[in-house]
$ cat query-v4.txt   # compact mmCIF, C-alpha atoms and all ligand atoms
# COMPACT_ATOMS: atom_id res chain seq x y z
CA MET A 27 19.23 11.30 5.15
CA GLU A 28 16.10 13.27 4.19
CA GLN A 29 13.40 11.90 1.90
CA LYS A 30 14.28 13.97 -1.20
CA THR A 31 17.87 12.69 -0.97
CA ILE A 32 16.82 9.10 -0.30
CA VAL A 33 14.67 8.98 -3.45
CA THR A 34 17.48 10.22 -5.67
CA HIS A 35 20.48 8.36 -4.21
CA TYR A 36 19.88 5.74 -1.53
CA GLY A 37 20.64 2.06 -2.11
CA TYR A 38 22.54 2.37 -5.40
CA GLU A 39 26.28 1.83 -5.72
CA LYS A 40 27.68 2.49 -9.19
CA ASP A 41 29.69 -0.34 -10.74
CA SER A 42 32.70 0.14 -13.07
CA GLN A 43 30.44 1.52 -15.85
CA LYS A 44 29.47 4.45 -13.58
CA SER A 45 25.94 4.62 -14.94
CA MET A 46 24.09 7.56 -13.38
CA VAL A 47 20.80 5.75 -13.84
CA VAL A 48 20.22 2.50 -11.96
CA PRO A 49 20.79 -0.18 -14.65
CA ILE A 50 18.03 -2.62 -15.59
CA TYR A 51 19.30 -6.13 -14.92
CA GLN A 52 16.97 -7.82 -17.37
CA THR A 53 17.99 -11.37 -16.57
CA THR A 54 16.42 -14.54 -15.27
CA ALA A 55 19.47 -16.12 -13.63
CA TYR A 56 23.03 -15.49 -12.43
CA GLU A 57 26.20 -17.53 -12.93
CA PHE A 58 27.87 -19.19 -9.94
CA GLU A 59 31.66 -19.16 -9.54
CA SER A 60 31.71 -22.84 -8.59
CA THR A 61 29.48 -25.55 -7.15
CA ASN A 62 30.89 -24.60 -3.76
CA HIS A 63 29.83 -20.96 -4.28
CA ALA A 64 26.37 -22.11 -5.43
CA ALA A 65 25.99 -24.27 -2.32
CA LYS A 66 26.96 -21.34 -0.09
CA LEU A 67 24.33 -19.12 -1.72
CA PHE A 68 21.64 -21.76 -1.30
CA GLU A 69 22.59 -22.23 2.35
CA LEU A 70 22.51 -18.42 2.89
CA GLU A 71 26.07 -18.67 4.13
CA GLU A 72 26.81 -16.01 1.56
CA LEU A 73 24.22 -13.61 0.15
CA GLY A 74 23.99 -13.30 -3.60
CA ASN A 75 21.80 -13.61 -6.66
CA ILE A 76 20.55 -17.01 -7.76
CA TYR A 77 17.41 -16.49 -9.80
CA THR A 78 15.26 -13.38 -10.44
CA ARG A 79 12.16 -14.93 -8.84
CA LEU A 80 14.06 -14.45 -5.54
CA THR A 81 16.34 -11.43 -6.05
CA ASN A 82 17.38 -9.00 -8.77
CA PRO A 83 19.89 -6.11 -8.53
CA THR A 84 17.46 -3.54 -10.01
CA THR A 85 14.63 -4.63 -7.74
CA ASP A 86 17.11 -4.61 -4.84
CA VAL A 87 17.74 -0.86 -5.27
CA PHE A 88 13.99 -0.21 -5.27
CA GLU A 89 13.55 -2.33 -2.12
CA LYS A 90 16.37 -0.63 -0.22
CA ARG A 91 15.20 2.84 -1.24
CA PHE A 92 11.57 2.23 -0.40
CA ALA A 93 12.32 0.63 2.98
CA LYS A 94 14.46 3.64 3.92
CA LEU A 95 11.74 6.03 2.76
CA GLU A 96 9.18 4.29 5.00
CA GLY A 97 11.55 4.20 7.97
CA GLY A 98 11.70 0.40 7.79
CA VAL A 99 14.67 -1.95 7.85
CA ALA A 100 13.91 -4.20 4.85
CA SER A 101 11.33 -4.65 2.14
CA ILE A 102 10.26 -7.03 -0.55
CA ALA A 103 8.84 -5.95 -3.90
CA THR A 104 6.03 -7.96 -5.50
CA ALA A 105 4.27 -8.10 -8.85
CA SER A 106 1.23 -6.14 -7.58
CA GLY A 107 -0.24 -4.49 -4.53
CA MET A 108 -2.64 -7.42 -4.19
CA SER A 109 0.19 -9.97 -4.12
CA ALA A 110 1.95 -7.88 -1.44
CA ILE A 111 -1.20 -8.00 0.71
CA PHE A 112 -1.71 -11.71 0.06
CA TYR A 113 1.91 -12.47 1.04
CA ALA A 114 1.61 -10.38 4.21
CA ILE A 115 -1.34 -12.59 5.19
CA ALA A 116 0.02 -15.93 3.94
CA ASN A 117 3.31 -15.35 5.77
CA VAL A 118 1.58 -15.52 9.15
CA ALA A 119 -1.81 -17.24 8.76
CA GLU A 120 -2.80 -20.77 7.82
CA ALA A 121 -5.97 -22.89 7.86
CA GLY A 122 -7.75 -22.45 11.21
CA ASP A 123 -6.30 -18.98 11.80
CA ASN A 124 -8.00 -15.60 11.47
CA ILE A 125 -7.01 -12.03 10.68
CA ALA A 126 -8.64 -8.70 11.57
CA VAL A 127 -9.39 -6.39 8.63
CA ALA A 128 -10.81 -2.87 8.69
CA LYS A 129 -14.23 -2.55 7.06
CA GLN A 130 -13.00 0.47 5.12
CA VAL A 131 -10.53 -1.11 2.68
CA TYR A 132 -9.78 -1.26 -1.03
CA GLY A 133 -12.18 -3.50 -3.01
CA GLY A 134 -9.49 -6.08 -3.87
CA THR A 135 -8.45 -6.36 -0.21
CA SER A 136 -12.07 -6.84 0.70
CA THR A 137 -12.66 -9.70 -1.77
CA LEU A 138 -9.27 -11.30 -0.99
CA THR A 139 -9.95 -11.36 2.74
CA THR A 140 -13.67 -12.15 2.82
CA HIS A 141 -13.78 -14.68 -0.03
CA THR A 142 -10.48 -15.98 -1.40
CA ILE A 143 -8.51 -16.72 1.77
CA LYS A 144 -11.65 -18.21 3.31
CA ARG A 145 -11.17 -21.06 0.83
CA PHE A 146 -7.73 -21.60 2.41
CA GLY A 147 -9.38 -21.84 5.83
CA ILE A 148 -8.38 -18.35 6.98
CA GLU A 149 -11.20 -16.28 8.42
CA ALA A 150 -11.31 -12.47 8.09
CA ARG A 151 -12.99 -10.66 10.98
CA THR A 152 -13.83 -7.03 10.30
CA PHE A 153 -13.67 -3.96 12.52
CA ASP A 154 -14.65 -0.33 12.03
CA VAL A 155 -11.49 1.72 11.49
CA HIS A 156 -13.16 4.52 13.52
CA ASN A 157 -13.77 2.19 16.44
CA PRO A 158 -10.51 0.32 17.18
CA GLN A 159 -11.99 -0.97 20.47
CA GLU A 160 -13.99 -3.43 18.34
CA LEU A 161 -10.70 -5.28 17.85
CA LYS A 162 -10.82 -6.49 21.45
CA SER A 163 -14.00 -8.44 20.80
CA ILE A 164 -12.76 -10.16 17.63
CA ILE A 165 -9.15 -11.00 18.58
CA ASP A 166 -8.31 -14.46 19.92
CA ASN A 167 -5.18 -16.61 20.09
CA LYS A 168 -5.59 -17.54 16.42
CA THR A 169 -5.55 -13.91 15.24
CA LYS A 170 -2.36 -13.48 13.23
CA LEU A 171 -2.56 -10.06 11.61
CA ILE A 172 -4.43 -6.74 11.79
CA ILE A 173 -4.77 -4.96 8.43
CA PHE A 174 -6.05 -1.45 7.77
CA GLU A 175 -5.39 1.54 5.50
CA SER A 176 -3.82 4.83 6.66
CA ILE A 177 -6.03 6.81 4.24
CA THR A 178 -8.86 4.55 3.12
CA ASN A 179 -9.78 3.98 -0.52
CA PRO A 180 -12.50 4.80 -1.59
CA SER A 181 -14.14 6.19 1.58
CA ILE A 182 -11.20 8.60 2.27
CA ASP A 183 -11.01 8.27 6.04
CA VAL A 184 -7.81 8.70 8.06
CA ALA A 185 -7.16 5.90 10.54
CA ASP A 186 -6.10 6.55 14.12
CA ILE A 187 -2.97 4.45 13.60
CA GLU A 188 -1.70 4.65 17.18
CA ALA A 189 -5.05 3.64 18.65
CA ILE A 190 -4.96 0.45 16.56
CA THR A 191 -1.27 -0.42 16.96
CA SER A 192 -1.43 0.06 20.74
CA ILE A 193 -4.22 -2.55 21.02
CA ALA A 194 -2.19 -4.88 18.76
CA LYS A 195 0.81 -4.50 21.07
CA GLU A 196 -1.25 -5.57 24.07
CA TYR A 197 -2.03 -8.84 22.32
CA LYS A 198 1.39 -9.15 20.59
CA ILE A 199 -0.18 -9.23 17.12
CA ILE A 200 1.53 -7.98 13.96
CA THR A 201 -0.08 -4.93 12.32
CA CYS A 202 0.02 -4.20 8.60
CA VAL A 203 -0.87 -0.77 7.22
CA ASP A 204 -1.77 -0.27 3.56
CA ASN A 205 -0.18 3.14 2.98
CA THR A 206 -0.87 3.37 -0.79
CA VAL A 207 -3.01 6.53 -0.79
CA ALA A 208 -0.83 8.49 1.64
CA SER A 209 2.49 7.32 0.11
CA PRO A 210 5.66 7.27 2.27
CA ILE A 211 5.95 11.02 1.74
CA LEU A 212 2.80 11.90 3.68
CA CYS A 213 2.76 9.18 6.30
CA ASN A 214 5.17 6.66 7.85
CA PRO A 215 3.00 4.21 9.84
CA ILE A 216 6.07 2.53 11.42
CA LYS A 217 6.60 5.73 13.41
CA TYR A 218 3.17 5.18 14.94
CA GLY A 219 3.74 1.57 15.94
CA ALA A 220 3.00 -0.38 12.74
CA ASP A 221 5.04 -3.54 12.11
CA LEU A 222 4.53 -3.81 8.36
CA VAL A 223 3.60 -1.36 5.64
CA VAL A 224 2.25 -2.46 2.25
CA HIS A 225 1.79 -0.42 -0.90
CA SER A 226 0.43 -0.77 -4.35
CA ALA A 227 3.37 0.66 -6.31
CA SER A 228 0.96 0.95 -9.25
CA LYS A 229 -0.39 4.22 -7.87
CA TYR A 230 1.68 7.18 -6.60
CA THR A 231 5.00 5.27 -6.70
CA THR A 232 5.16 5.01 -10.50
CA GLY A 233 2.98 8.10 -10.53
CA GLN A 234 2.07 7.98 -14.18
CA GLY A 235 -0.04 4.85 -14.34
CA LEU A 236 2.87 2.96 -15.92
CA ALA A 237 3.03 -0.45 -14.27
CA ILE A 238 1.48 -2.75 -11.67
CA GLY A 239 3.57 -3.45 -8.58
CA GLY A 240 3.60 -3.80 -4.82
CA ILE A 241 5.90 -3.82 -1.81
CA ILE A 242 5.98 -4.97 1.83
CA VAL A 243 8.15 -3.01 4.30
CA GLU A 244 9.24 -4.47 7.64
CA ARG A 245 10.11 -2.40 10.71
CA GLU A 246 13.36 -2.74 12.62
CA ASP A 247 13.47 -5.42 15.32
CA LEU A 248 10.20 -7.14 14.41
CA VAL A 249 12.04 -10.25 15.59
CA SER A 250 11.49 -9.21 19.21
CA LEU A 251 7.71 -9.51 18.68
CA ILE A 252 8.01 -12.82 16.80
CA LYS A 253 10.67 -14.60 18.86
CA ASP A 254 9.16 -17.18 21.23
CA ASN A 255 5.67 -15.79 20.49
CA ASP A 256 3.36 -18.84 20.22
CA ARG A 257 1.17 -16.94 17.80
CA TYR A 258 4.06 -17.01 15.33
CA TYR A 259 5.36 -20.49 16.11
CA HIS A 260 6.27 -21.17 12.47
CA PHE A 261 8.93 -18.43 12.67
CA ASN A 262 10.37 -20.18 15.72
CA GLU A 263 10.35 -23.76 14.46
CA PRO A 264 12.56 -25.27 11.73
CA ASP A 265 11.21 -24.72 8.20
CA MET A 266 11.53 -28.17 6.67
CA SER A 267 11.14 -26.69 3.18
CA TYR A 268 14.37 -24.76 3.78
CA HIS A 269 16.68 -27.35 5.37
CA GLY A 270 15.41 -26.64 8.88
CA LEU A 271 16.07 -22.89 8.89
CA ILE A 272 14.58 -21.02 11.88
CA TYR A 273 13.58 -17.55 10.71
CA SER A 274 13.60 -15.90 14.14
CA SER A 275 17.22 -17.03 14.68
CA MET A 276 18.53 -15.53 11.45
CA PRO A 277 20.55 -12.30 11.45
CA LEU A 278 18.19 -10.92 8.73
CA PRO A 279 14.75 -9.26 9.20
CA PRO A 280 12.59 -12.41 9.55
CA PHE A 281 9.30 -11.35 7.96
CA THR A 282 10.61 -10.24 4.56
CA LEU A 283 13.16 -13.08 4.64
CA ARG A 284 10.40 -15.65 4.94
CA VAL A 285 8.32 -13.98 2.19
CA ARG A 286 11.36 -14.20 -0.07
CA LEU A 287 12.59 -17.68 0.76
CA ALA A 288 9.22 -19.41 1.06
CA LEU A 289 6.49 -17.37 -0.65
CA LEU A 290 8.32 -15.82 -3.60
CA ARG A 291 10.00 -19.18 -4.10
CA ASP A 292 6.70 -21.07 -4.17
CA PHE A 293 4.15 -18.52 -5.48
CA GLY A 294 6.51 -16.37 -7.54
CA ALA A 295 4.70 -13.02 -7.88
CA THR A 296 7.99 -11.16 -8.45
CA PRO A 297 8.15 -7.79 -10.23
CA SER A 298 9.86 -7.67 -13.60
CA PRO A 299 13.24 -5.84 -13.40
CA PHE A 300 11.92 -3.33 -15.93
CA ASN A 301 8.97 -2.51 -13.70
CA SER A 302 11.28 -2.13 -10.70
CA TRP A 303 13.22 0.38 -12.78
CA LEU A 304 9.99 2.28 -13.47
CA TYR A 305 9.23 2.40 -9.73
CA ILE A 306 12.73 3.78 -9.11
CA GLN A 307 12.12 6.54 -11.70
CA GLY A 308 8.79 7.29 -10.08
CA LEU A 309 10.25 7.55 -6.59
CA GLU A 310 12.68 10.29 -7.67
CA THR A 311 9.83 12.76 -8.13
CA LEU A 312 7.45 11.38 -5.48
CA PRO A 313 8.08 14.11 -2.85
CA LEU A 314 7.47 16.85 -5.44
CA ARG A 315 4.41 15.15 -6.88
CA MET A 316 2.75 14.48 -3.52
CA GLN A 317 3.08 18.16 -2.67
CA GLN A 318 1.46 19.13 -5.97
CA HIS A 319 -1.29 16.45 -5.79
CA SER A 320 -2.11 17.61 -2.26
CA ASN A 321 -2.12 21.34 -3.07
CA SER A 322 -4.38 20.86 -6.09
CA ALA A 323 -6.76 18.46 -4.33
CA LEU A 324 -7.24 20.95 -1.49
CA LYS A 325 -8.07 23.76 -3.94
CA ILE A 326 -10.55 21.52 -5.76
CA ALA A 327 -12.10 20.30 -2.50
CA GLN A 328 -12.64 23.94 -1.48
CA PHE A 329 -14.22 24.75 -4.85
CA LEU A 330 -16.61 21.77 -4.57
CA ASP A 331 -17.40 22.56 -0.94
CA GLU A 332 -18.81 25.91 -2.01
CA HIS A 333 -20.71 24.62 -5.06
CA PRO A 334 -24.53 24.63 -4.63
CA LYS A 335 -25.01 21.30 -6.50
CA VAL A 336 -22.60 19.43 -4.22
CA ILE A 337 -24.14 17.93 -1.07
CA LYS A 338 -20.94 16.91 0.70
CA VAL A 339 -17.17 16.79 0.08
CA ASN A 340 -14.86 14.21 1.68
CA TYR A 341 -11.26 15.40 1.88
CA PRO A 342 -9.14 15.13 5.04
CA GLY A 343 -7.44 18.44 4.23
CA LEU A 344 -10.71 20.41 4.66
CA LYS A 345 -11.12 21.89 8.13
CA SER A 346 -14.79 20.83 8.11
CA ASP A 347 -13.91 17.16 7.41
CA PRO A 348 -14.33 14.75 10.35
CA ASN A 349 -10.86 13.34 9.54
CA TYR A 350 -9.12 16.74 9.68
CA LYS A 351 -7.61 16.33 13.16
CA ARG A 352 -6.23 12.88 12.44
CA ALA A 353 -4.88 14.15 9.09
CA GLN A 354 -3.01 16.91 10.93
CA LYS A 355 -1.52 14.34 13.28
CA TYR A 356 -0.57 11.57 10.85
CA LEU A 357 0.01 13.32 7.50
CA LYS A 358 3.07 15.51 6.97
CA ASP A 359 3.05 19.27 6.38
CA GLY A 360 -0.71 19.49 5.99
CA MET A 361 -0.59 17.44 2.77
CA SER A 362 -3.61 15.14 2.36
CA SER A 363 -2.87 13.38 -0.97
CA GLY A 364 -4.78 13.63 -4.23
CA LEU A 365 -7.87 11.58 -3.51
CA LEU A 366 -11.24 13.16 -2.72
CA SER A 367 -14.88 12.34 -3.16
CA PHE A 368 -18.13 14.27 -3.21
CA GLU A 369 -21.79 13.51 -3.17
CA LEU A 370 -24.45 14.57 -5.65
CA LYS A 371 -28.17 14.18 -5.05
CA SER A 372 -28.70 11.06 -7.20
CA LYS A 373 -27.07 8.22 -9.08
CA GLU A 374 -28.28 9.81 -12.35
CA ASP A 375 -26.58 13.11 -11.52
CA ALA A 376 -23.35 11.29 -10.64
CA GLN A 377 -23.42 9.35 -13.92
CA LYS A 378 -24.23 12.47 -15.93
CA LEU A 379 -21.38 14.36 -14.30
CA ALA A 380 -18.87 11.56 -14.88
CA ASP A 381 -19.97 11.33 -18.53
CA SER A 382 -19.66 15.11 -19.04
CA MET A 383 -16.07 15.43 -17.83
CA GLU A 384 -13.62 16.29 -20.59
CA LEU A 385 -10.18 16.66 -18.99
CA PHE A 386 -10.82 14.07 -16.24
CA SER A 387 -10.72 10.51 -17.61
CA LEU A 388 -13.27 7.91 -16.58
CA VAL A 389 -10.91 5.26 -15.19
CA VAL A 390 -10.67 2.97 -12.14
CA ASN A 391 -7.19 3.97 -10.98
CA ILE A 392 -5.67 6.52 -8.64
CA GLY A 393 -2.32 8.26 -8.24
CA ASP A 394 -1.82 9.01 -11.93
CA SER A 395 -0.36 12.29 -13.25
CA LYS A 396 -3.60 12.53 -15.25
CA SER A 397 -6.79 13.34 -13.32
CA ILE A 398 -9.32 10.58 -12.98
CA VAL A 399 -13.04 10.47 -12.21
CA THR A 400 -14.76 7.32 -10.92
CA HIS A 401 -18.38 6.56 -10.13
CA PRO A 402 -18.02 3.70 -7.62
CA ALA A 403 -21.74 2.72 -7.71
CA SER A 404 -21.53 1.84 -11.42
CA THR A 405 -18.00 0.35 -11.36
CA THR A 406 -15.98 -0.85 -8.36
CA HIS A 407 -19.05 -1.22 -6.11
CA GLN A 408 -21.56 -2.18 -8.79
CA GLN A 409 -22.51 -5.48 -7.10
CA LEU A 410 -23.72 -3.77 -3.92
CA SER A 411 -27.35 -2.83 -3.14
CA LYS A 412 -28.33 0.75 -2.28
CA GLU A 413 -28.22 -0.11 1.46
CA GLU A 414 -24.88 -1.93 1.18
CA LEU A 415 -23.46 1.07 -0.68
CA ILE A 416 -24.42 3.39 2.18
CA ALA A 417 -22.94 0.97 4.74
CA ALA A 418 -19.69 0.87 2.74
CA GLY A 419 -19.52 4.68 2.75
CA VAL A 420 -20.11 4.92 -1.00
CA PRO A 421 -23.64 6.23 -1.59
CA GLU A 422 -25.07 6.05 -5.14
CA GLY A 423 -24.43 9.73 -5.86
CA LEU A 424 -20.77 9.58 -4.81
CA ILE A 425 -18.06 10.63 -7.25
CA ARG A 426 -14.39 9.91 -6.54
CA LEU A 427 -11.63 12.05 -8.00
CA SER A 428 -7.92 11.35 -8.20
CA ILE A 429 -6.36 14.74 -8.79
CA GLY A 430 -3.45 14.66 -11.23
CA LEU A 431 -0.71 17.14 -12.02
CA GLU A 432 -2.54 19.34 -14.55
CA ASP A 433 -3.09 23.04 -13.85
CA THR A 434 -5.77 23.34 -11.16
CA LYS A 435 -7.47 26.13 -13.09
CA ASP A 436 -8.22 23.76 -15.99
CA LEU A 437 -9.43 21.02 -13.64
CA ILE A 438 -11.83 23.39 -11.86
CA GLU A 439 -13.10 24.64 -15.22
CA ASP A 440 -13.85 21.07 -16.29
CA LEU A 441 -15.67 20.29 -13.03
CA SER A 442 -17.56 23.54 -13.28
CA GLN A 443 -18.84 22.91 -16.83
CA ALA A 444 -19.91 19.35 -15.89
CA LEU A 445 -21.71 20.52 -12.72
CA ASN A 446 -23.51 23.24 -14.70
CA ARG A 447 -25.12 20.56 -16.89
CA LEU A 448 -26.93 18.98 -13.93
C1 LIG A 501 -4.78 -0.30 -5.94
C2 LIG A 501 -4.73 -0.63 -4.53
C3 LIG A 501 -4.37 -1.92 -4.11
C4 LIG A 501 -4.08 -3.04 -5.08
O1 LIG A 501 -2.91 -2.80 -5.79
P1 LIG A 501 -2.61 -3.39 -7.26
O2 LIG A 501 -1.25 -2.90 -7.53
O3 LIG A 501 -3.67 -2.85 -8.17
O4 LIG A 501 -2.67 -4.88 -7.15
C5 LIG A 501 -4.34 -2.17 -2.75
N1 LIG A 501 -4.64 -1.22 -1.84
C6 LIG A 501 -4.98 0.04 -2.21
C7 LIG A 501 -5.31 1.05 -1.17
C8 LIG A 501 -5.05 0.37 -3.56
O5 LIG A 501 -5.42 1.60 -3.93
$ encode --input "query-v4.txt" --output "structure tokens" --more "lines below"
Ligand SMILES: *Cc1c(COP(=O)(O)O)cnc(C)c1O
Amino acid sequence: MEQKTIVTHYGYEKDSQKSMVVPIYQTTAYEFESTNHAAKLFELEELGNIYTRLTNPTTDVFEKRFAKLEGGVASIATASGMSAIFYAIANVAEAGDNIAVAKQVYGGTSTLTTHTIKRFGIEARTFDVHNPQELKSIIDNKTKLIIFESITNPSIDVADIEAITSIAKEYKIITCVDNTVASPILCNPIKYGADLVVHSASKYTTGQGLAIGGIIVEREDLVSLIKDNDRYYHFNEPDMSYHGLIYSSMPLPPFTLRVRLALLRDFGATPSPFNSWLYIQGLETLPLRMQQHSNSALKIAQFLDEHPKVIKVNYPGLKSDPNYKRAQKYLKDGMSSGLLSFELKSKEDAQKLADSMELFSLVVNIGDSKSIVTHPASTTHQQLSKEELIAAGVPEGLIRLSIGLEDTKDLIEDLSQALNRL
């Protein structure tokens, strides 16, 4: 089944009411037929709904549809992109372990990995996404996960996914790709050797800035990497919190199963059924929107590239961009998503430009149908010094744009009037 058909049909079977739209099962719990039936559900002898913290029929459609769209075998939806990333880590690492994280990652991923999980005894070791060989010097037998972004936010680099996943395979380590900026329409990291894909559904998935959400997708046959692999011993030993269940011996995809049975059970960052319904609505138009976001962003990148007040434009779809070749390899049909950045000569110019925009809104979000302008040095990266900003790939004069679905002519006019004021 092709992507445009998956997003409109896959994973939904109409019940006797024949509702064309996936119904919202706005419920906390589900009735059992008998104590015997309840016991069977708890023992996983039979699969069925118990409580919405664990499963929900609306969320289930979203999970099935998204997994199929990514070329995975199963997925688990979460209350936010950050909880998806936290669960991906917590499912494999514990005190004394470490994970490898690309230097070029989303701000929340950076604080989660360098600060928050450190307090749980998990160390994050960083590597340059442009130099995957660095992984070899930071990996040891306590390294449980390698995390990086396919298109990085906010530096807008394209990772050489195969170079990273092939090193991970040598060491039998699970890889997790944050594919939020590319979306499953532009890139499917599983095809290039990734084991897990995470997304913030808050961005292109809902597509209109409607709700916070996240998802973890698992590839087919991840069990062959986990089974009898000492690195993942807790998938191969009985889980005493679940009557001795051994995840790697179950007939279900083990990674998402363990997130559901252990982490959603105990931490509970489940999406609301209503939000799952919003993600489903968003998915239906995702292929069309990604095409439009990408077309418009390329036109705007070309306009900025020729503007005398602009020092540099970062957009993987530009032939002059250092990421162009990787974009052609990993992103579909020449689409490079809606995120771009450009550099002005000073922080003052960047602030003045951001304040002069009329159609673009000054917001820290991406993937909205409405265009967004961000000045990272005064918002998301405000705590960093001038030198740290340069090291992070976000110099003081950098402006980030998330190109929405408005007419490109109006967007260019707005940029043009703001640039003329500098
Ligand atoms: C927004 C974002 C996240 C975090 O997602 P939330 O849904 O806001 O929790 C993670 N990774 C990337 C690349 C993002 O853009």
$ residues_near_ligand --input "query-v4.txt" --ligand "ligand LIG 501 (chain A)" --cutoff "10 Å" --atoms "all atoms listed in the file" --output "short mmCIF file (atom, residue, chain, number, x, y, z; two decimals) with C-alpha atoms, in the frame of the given file"
data_model
loop_
_atom_site.label_atom_id
_atom_site.label_comp_id
_atom_site.auth_asym_id
_atom_site.auth_seq_id
_atom_site.Cartn_x
_atom_site.Cartn_y
_atom_site.Cartn_z
CA THR A 104 6.03 -7.96 -5.50
CA ALA A 105 4.27 -8.10 -8.85
CA SER A 106 1.23 -6.14 -7.58
CA GLY A 107 -0.24 -4.49 -4.53
CA MET A 108 -2.64 -7.42 -4.19
CA SER A 109 0.19 -9.97 -4.12
CA ALA A 110 1.95 -7.88 -1.44
CA ILE A 111 -1.20 -8.00 0.71
CA PHE A 112 -1.71 -11.71 0.06
CA GLN A 130 -13.00 0.47 5.12
CA VAL A 131 -10.53 -1.11 2.68
CA TYR A 132 -9.78 -1.26 -1.03
CA GLY A 133 -12.18 -3.50 -3.01
CA GLY A 134 -9.49 -6.08 -3.87
CA THR A 135 -8.45 -6.36 -0.21
CA SER A 136 -12.07 -6.84 0.70
CA PHE A 174 -6.05 -1.45 7.77
CA GLU A 175 -5.39 1.54 5.50
CA SER A 176 -3.82 4.83 6.66
CA ILE A 177 -6.03 6.81 4.24
CA THR A 178 -8.86 4.55 3.12
CA ASN A 179 -9.78 3.98 -0.52
CA PRO A 180 -12.50 4.80 -1.59
CA VAL A 203 -0.87 -0.77 7.22
CA ASP A 204 -1.77 -0.27 3.56
CA ASN A 205 -0.18 3.14 2.98
CA THR A 206 -0.87 3.37 -0.79
CA VAL A 207 -3.01 6.53 -0.79
CA ALA A 208 -0.83 8.49 1.64
CA VAL A 224 2.25 -2.46 2.25
CA HIS A 225 1.79 -0.42 -0.90
CA SER A 226 0.43 -0.77 -4.35
CA ALA A 227 3.37 0.66 -6.31
CA SER A 228 0.96 0.95 -9.25
CA LYS A 229 -0.39 4.22 -7.87
CA TYR A 230 1.68 7.18 -6.60
CA ALA A 237 3.03 -0.45 -14.27
CA ILE A 238 1.48 -2.75 -11.67
CA GLY A 239 3.57 -3.45 -8.58
CA GLY A 240 3.60 -3.80 -4.82
CA ILE A 241 5.90 -3.82 -1.81
CA VAL A 390 -10.67 2.97 -12.14
CA ASN A 391 -7.19 3.97 -10.98
CA ILE A 392 -5.67 6.52 -8.64
CA GLY A 393 -2.32 8.26 -8.24
#
$ atom_distance --input "query-v4.txt" --atom1 "atom CA of A:Ser372" --atom2 "atom CA of A:Glu422"
6.5 Å
$ closest_residue --input "query-v4.txt" --among "A:Thr142, A:Thr81, A:Thr31, A:Asn446" --to "A:His333" --atoms "all atoms listed in the file"
A:Asn446
$ closest_residue --input "query-v4.txt" --among "A:Lys168, A:Lys66, A:Lys358, A:Lys335" --to "A:Leu379" --atoms "all atoms listed in the file"
A:Lys335
$ atom_distance --input "query-v4.txt" --atom1 "atom CA of A:His35" --atom2 "atom CA of A:Lys396"
26.8 Å
$ residues_around --input "query-v4.txt" --residues "stretch 69-71 of chain A" --least-positions-apart "4" --cutoff "9 Å" --atoms "all atoms listed in the file" --output "ChimeraX atom specification"
/A:64-65,268-269
$ residues_near_point --input "query-v4.txt" --point "(2.2, -13.1, 13.2)" --cutoff "10 Å" --atoms "all atoms listed in the file" --output "PyMOL selection string"
chain A and resi 114-119+125+168-172+198-201+251-252+255-261+281
$ closest_residue --input "query-v4.txt" --among "A:Gln443, A:Ser181, A:Leu290, A:Asp254" --to "A:Val339" --atoms "only C-alpha atoms"
A:Ser181
